[in-house]
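K.L.:
Pasting a structure here, questions to come.
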Amino acid sequence: NKLGDLGNWLATLTNVEWFRTIGESVTIVTGFIFIICVLAFRRGIVGEFIALFKRGPTAGQGH
């Protein structure tokens, strides 16, 4: 919300109307990041850390 207010202020100051859409873009980018995190961390962030530590430091090195 604050970024949207900043965009409105910049649009008023510079007469560049594109700045008014900054608040909407932040919502879209935040949603996109959320979707990527849900797909990447299917077990959750804590679950991924637990799985990483259970594998041990030599996992994936072919030993």
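By convention in this document, the chains of the structure tokens carry letters A, B, ... by their order, each chain's residues are numbered from 1, and ligands are numbered from 1 in the order they are shown.
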Pick out the residues sitting within 7 Å of Gly23 of chain A, and hand them over as a VMD selection string; count only C-alpha atoms, and ignore anything fewer than 6 positions along from it in its own chain.
P.N.:
chain A and resid 1 3 to 4 7
K.L.:
Between A:Gly44, A:Phe34, A:Leu52, A:Asp5, single out the one closest to Arg20 of chain A, counting only C-alpha atoms.
P.N.:
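Distance minimum relative to Arg20 of chain A lands on A:Asp5.
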K.L.:
Write out as a CSV table (one decimal) with C-alpha atoms, in the first residue's frame all residues of chain A that DSSP puts in alpha helix (DSSP H) for this structure's backbone.
P.N.:
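Written output follows (selection.csv):
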```csv
chain,number,residue,atom,x,y,z
A,2,LYS,CA,2.8,2.4,0.8
A,3,LEU,CA,4.5,1.6,-2.5
A,4,GLY,CA,1.2,2.5,-4.2
A,5,ASP,CA,1.1,5.8,-2.3
A,6,LEU,CA,4.7,6.5,-3.4
A,7,GLY,CA,3.7,5.8,-7.0
A,8,ASN,CA,0.8,8.2,-6.8
A,9,TRP,CA,3.1,10.9,-5.3
A,10,LEU,CA,5.7,10.3,-8.0
A,11,ALA,CA,3.0,10.5,-10.7
A,12,THR,CA,1.9,13.8,-9.3
A,13,LEU,CA,5.4,15.1,-9.0
A,14,THR,CA,6.7,14.0,-12.4
A,22,ILE,CA,3.2,0.5,-9.2
A,23,GLY,CA,0.9,-0.5,-6.4
A,24,GLU,CA,-1.0,-3.0,-8.7
A,25,SER,CA,2.3,-4.4,-10.0
A,26,VAL,CA,3.5,-5.2,-6.5
A,27,THR,CA,0.4,-7.3,-5.8
A,28,ILE,CA,1.0,-9.3,-9.1
A,29,VAL,CA,4.7,-9.8,-8.3
A,30,THR,CA,4.0,-10.9,-4.7
A,31,GLY,CA,1.4,-13.4,-6.0
A,32,PHE,CA,3.8,-14.8,-8.5
A,33,ILE,CA,6.6,-15.2,-5.9
A,34,PHE,CA,4.0,-17.0,-3.6
A,35,ILE,CA,3.1,-19.4,-6.4
A,36,ILE,CA,6.8,-20.1,-7.1
A,37,CYS,CA,7.4,-20.8,-3.4
A,38,VAL,CA,4.4,-23.1,-3.1
A,39,LEU,CA,5.6,-25.1,-6.1
A,40,ALA,CA,9.3,-25.2,-5.1
A,44,GLY,CA,7.1,-26.2,3.3
A,45,ILE,CA,10.2,-24.3,4.1
A,46,VAL,CA,10.8,-26.1,7.4
A,47,GLY,CA,10.1,-29.5,5.8
A,48,GLU,CA,12.7,-28.7,3.1
A,49,PHE,CA,15.3,-27.9,5.8
A,50,ILE,CA,14.5,-31.1,7.7
A,51,ALA,CA,14.8,-33.2,4.5
A,52,LEU,CA,18.1,-31.4,3.7
A,53,PHE,CA,19.6,-32.2,7.1
A,54,LYS,CA,18.4,-35.8,7.0
A,55,ARG,CA,20.2,-36.4,3.8
```
